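Notes follow the structure.
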Amino acid sequence: MILKAVFLLSFSSLTFEVLLTRVFSISQWNHLSFMVISIALFGFAASGTFLSILDTRKKQWEKHISTKRSLFHFIYLYTVFTIGSFVALNNMPLDYFRLPLDLSQALYLLAAFLLLALPFFFTGLIVATAYSFLPEKSGLIYFVTMAGSACGALLPIPLLPFLGEGKLIVISALLPVIIMPLKWPLRKSDNSGKEDLKENASQKKQKAFTVAGLIIIISSAFLVSPVGDFIIEIKPSQYKALSQALRFPDTCVTSTVTDLRGRIDRVKSKYIRFAPGLSLKFAEKLPVQRAAFKDGDNQFVLYDLRTQKDAFFSKFTLPYSGYVLAPNVSNVLLIQHGGGSAIPCAIASGAKEITIIEQNPEIAKTVYHQYSLPVVKQNPRSFLAGSNKRFDIIHVENWGTSIPGMAALTQEHLLTIDAVTQYLKHLSDNGILIISRKLLLPPADSIRLWSVAYESLKSLKIESPEQHIIILRNWDTFTLIISSNSFKEKDIGIIKNFTKDLNFDLVYFKGISSDMANIYNMFDKPYHFLEISRLEKAYKSGSEKSFFQSYLLDVSPQTDNRPFPSRFLKWSGLNTLYKSTGSRLYSILMSGEIIVSVVFLEALVISIFLLVLPLLAIPKKSKKTLKSHIFFFLSVGAGFMFLELFFIKEYILLFGNPTVSFTIVVSGILVFSSIGGFWSQRLGPNNFKKILITLIFVLIVIFVSLDAIIYYILGFSSFIRYFLAFMLLLPAGFLIGLPFPLGMRYLLKSPVERAYAWTANGCTSVLSSILSAQIAISSGISTILVCSVLSYILAFLCIVKHDGRIEL
């Protein structure tokens with residue numbers, strides 16, 4: 001009975017966790033979705049703390065909690081709080097941007113955190129009880145927990161497009177109540193009067209229990225019906241582009257499509273005007289536009305271009321500068337990541353062949369129907385890795401989020417040195433690469449992309465890379481142009497005329513002088529020109545590292561190991577940055593990286609509280625035993641989470657989407673670790689050392705070889721990539737499923753020890769999940785795996801005495 005409950009709640013809670021990441025991505029911002037993992041694991045950890053304290057008040061509690069009646073109670077409570085916490089969160093006036101200014105928002109955030117942790121608390125309660133009640137079956141319990149979680153991670157894939165996030169949360173939360181019998185377990189009667197009274201009381205409880213179950217089911221049916229849509233419909237943040245667009249009159253969402261890759265809202269409005277980098281010299285009307293928004297932001301605009309003339313406006317935009325340098329364009333590759341203005345540019349150029357890469361299937365289908373142009377529904381890096389075709393122009397459109405700073409934790413592989421090098425290899429002999437982005441002050445993105453271009457050209461053994469680079473700007477966007485060949489005097493003249501005719505500003509070309517910059521869209525100083533010129537001199541003198549170390553922001557060129565194009569915060573320059581923003585603390589607090597640090601500190605305080613509280617309640621005799629093995633379970637929890645998050649971040653390059661990567665890795669790790677847990681039932685305590693040594697060795701092999709393997713399979717077909725990526729999780733996944741159940745089975749002797757170990761494992765998993773985000777953006781993704789190796793080395797040391805035997 002308890003194993004069935006463990007499976008059902010693990011299944012449902014993991015589905016809830018996956019869907020919560022989608023809810024946060026839509027209703028708030030992507031960098032807040034990592035809080036979901038923290039919430040879930042804190043719920044698990046708190047359940048262990050509760051049971052540890054309960055042990056001091058009620059002996060043999062595990063027998064009472066593992067009864068059918070108690071399990072029914074917890075399952076009902078889980079369902080009620082899952083649905084209730086989601087409904088409360090979805091209708092709560094939580095405004096993240098007002099948090100530094102309005103203390104009531106802190107209370108809303110705390111309420112959301114506590115409410116969302118409760119479903120995971122009840123799941124953890126049953127799982128921890130199972131470990132305590134059936135220690136000899138720890139491997140089987142681990143198998144059931146992980147297998148149920150794996151199934152829960154996969155459930156949204158087929159159902160999300162049909163049900164959406166809200167309805168699927170309600171239905172998945174309801175499954176344990178529906179599958180478990182509604183009938184209250186009756187007492188056996190010996191026909192005595194006393195027993196008759198007990199039986200009558202039990203029958204009354206049965207009726208109340210059945211009624212409660214029916215109320216839950218009826219309420220859930222109301223929520224998933226069309227009438228209840230207004231309660232569970234996920235509403236985007238009011239600061240996102242979709243919410244802003246819907247404020248205009250006669251503007252409406254015509255359709256909404258949801259899948260694992262994101263929610264796409266198609267919007268119709270006569271007020272949509274999207275033409276980034278458009279010159280003020282353009283005096284005609286823009287074509288009619290429609291828009292598609294991904295997760296409420298990152299809009300993709302579709303233009304009504306019935307003839308090539310309708311795309312004439314694009315000749316007045318900044319990105320078109322790259323097209324004027326290639327007058328006889330044969331074929332163009334457009335890499336779309338939001339935006340949509342690159343398509344009119346390609347059409348206006350008269351290119352004979354235009355290929356569009358749009359990874360989101362729904363947007364790709366819409367683009368094809370709109371323009372009747374070939375659209376590749378694939379990760380751009382995978383497409384280029386599997387293609388030998390060369391293009392006259394490669395145009396990368398990636399404008400970022402509507403609010404700068406909100407994507408600091410967003411991992412993208414389109415603007416790294418590795419990516420730009422790949423683009424350059426696919427250019428024709430006279431090919432042009434165009435990259436357009438939003439202009440930032442202080443200068444940040446433009447400096448980084450200049451250095452990325454320089455490093456990429458240098459990696460191709462090109463002499464004088466600076467002669468292949470041009471940067472232009474207007475008041476809010478800039479365009480980077482990279483050529484296969486060095487720019488000649490004729491090319492520079494064409495660009496000068498282009499900027500003069502359309503009132504754009506030159507930022508960089510080889511030989512530019514200060515009097516050529518900052519003419520039309522004037523700042524107090526030509527900041528971007530000055531900093532890039534200074535960087536060019538640093539590269540020439542070999543002192544570029546000193547430049548990056550001394551600069552106000554982190555603008556060093558990024559690789560696939562550290563692919564966070566919107567992350568610029570440098571901790572050493574925080575005080576200077578604070579002063580440069582007019583001493584406005586609010587703007588600093590909005591950085592995603594600051595949020596990670598604040599959440600980590602909060603998590604650290606809560607973890608210490610959850611770990612110390614049981615020690616205050618437990619008798620002194622039991623404390624020594626608890627402390628002796630605490631570091632083993634702390635280490636195992638950290639090692640597991642570090643490894644899981646390492647693979648999630650590594651696989652984003654392979655799949656091009658963080659949610660897809662999350663689902664594949666989590667389901668794979670859970671499947672293979674569940675098999676490891678099941679296999680652990682056959683192993684004795686003497687296998688501990690061999691298992692951990694083998695695991696550490698496998699992790700080191702992964703550290704050395706995984707990048708090369710990913711680059712090798714990057715160009716394979718989607719099916720082969722998914723299959724190989726899944727199977728690559730097998731060795732490490734299987735091995736990390738062994739230490740925890742073996743530790744529960746052989747290292748611990750009492751229920752309170754196992755409950756406390758459950759707390760320790762959950763707390764360290766929370767901290768490592770948050771810490772991984774900071775490690776990745778500061779030191780690189782591979783460093784997360786190093787942390788996993790160090791964690792398992794510590795676990796190895798924790799179970800070995802000086803004479804080399806396992807501590808039992």
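Ordered as shown in the structure tokens, chains take letters A, B, and onward, while each chain numbers its residues from 1 and ligands are numbered from 1 in the order shown.
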
Using only C-alpha atoms, which protein or nucleic acid residues come within 9 Å of Tyr320 of chain A? Drop anything in the same chain fewer than 4 positions from it, and give the result as a list in words.
Ser314, Lys315, Phe316, Val324, Ala342, Cys345, Ala346, Ser349 and Ile434 of chain A

Please produce a file of the residues just selected, as an mmCIF file, in the first residue's frame, where the atoms kept are C-alpha atoms.
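Here's the written file out-v3.cif:
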data_model
loop_
_atom_site.group_PDB
_atom_site.id
_atom_site.type_symbol
_atom_site.label_atom_id
_atom_site.label_comp_id
_atom_site.auth_asym_id
_atom_site.auth_seq_id
_atom_site.Cartn_x
_atom_site.Cartn_y
_atom_site.Cartn_z
ATOM 1 C CA SER A 314 13.541 47.238 -44.336
ATOM 2 C CA LYS A 315 16.087 49.076 -46.524
ATOM 3 C CA PHE A 316 15.823 51.877 -43.973
ATOM 4 C CA VAL A 324 24.259 46.709 -49.063
ATOM 5 C CA ALA A 342 15.237 39.826 -40.820
ATOM 6 C CA CYS A 345 15.452 42.438 -45.186
ATOM 7 C CA ALA A 346 16.185 39.211 -47.055
ATOM 8 C CA SER A 349 17.556 42.279 -51.041
ATOM 9 C CA ILE A 434 24.925 40.122 -39.597
#

Leaving out Ala150 of chain A and any residue of its chain fewer than 2 positions from it, which residues lie within 9 Å of it when counting only C-alpha atoms, given as a list in words?
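Once the adjacent positions are removed, what remains is Ser10, Phe11, Leu14, Thr145, Met146, Ala147, Gly148, Gly152, Ala153, Leu154, Leu155, Val666, Ser667, Gly668, Ile669, Leu670, Val671 and Ser674 of chain A.
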
Can you list every residue in segment 127-367 of chain A that DSSP puts in strand (DSSP E or B), as a PyMOL selection string?
chain A and resi 252-259+262-268+278+289-294+297-303+317+331-336+339+353-357

Near-Thr499 of chain A list (12 Å; only C-alpha atoms; drop same-chain fewer than 6 positions) as a PyMOL selection string:
chain A and resi 277-281+315-322+324+471-474+479+492-493+505-507+516-521

Compile the contact shell of Val257 of chain A as a ChimeraX atom specification: residues with an atom at most 8 Å away, counting only C-alpha atoms, same-chain residues fewer than 5 positions apart removed.
/A:161,263-265,362

For the residues selected in the previous step, produce a file with C-alpha atoms as a short mmCIF file (atom, residue, chain, number, x, y, z; two decimals), in the first residue's frame.
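The resulting file, out_13.cif, is reproduced below:
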data_model
loop_
_atom_site.label_atom_id
_atom_site.label_comp_id
_atom_site.auth_asym_id
_atom_site.auth_seq_id
_atom_site.Cartn_x
_atom_site.Cartn_y
_atom_site.Cartn_z
CA PRO A 161 -0.70 20.70 -26.08
CA ARG A 263 3.27 28.88 -25.04
CA ILE A 264 2.64 30.73 -28.30
CA ASP A 265 -0.02 33.45 -28.33
CA GLU A 362 4.36 26.44 -34.06
#

Which residue is closest to His468 of chain A? Choose from A:Gln299, A:Ser486, A:Ser607, A:Ser451 and count only C-alpha atoms.
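Ranked by minimum distance to His468 of chain A, first place goes to A:Ser486.
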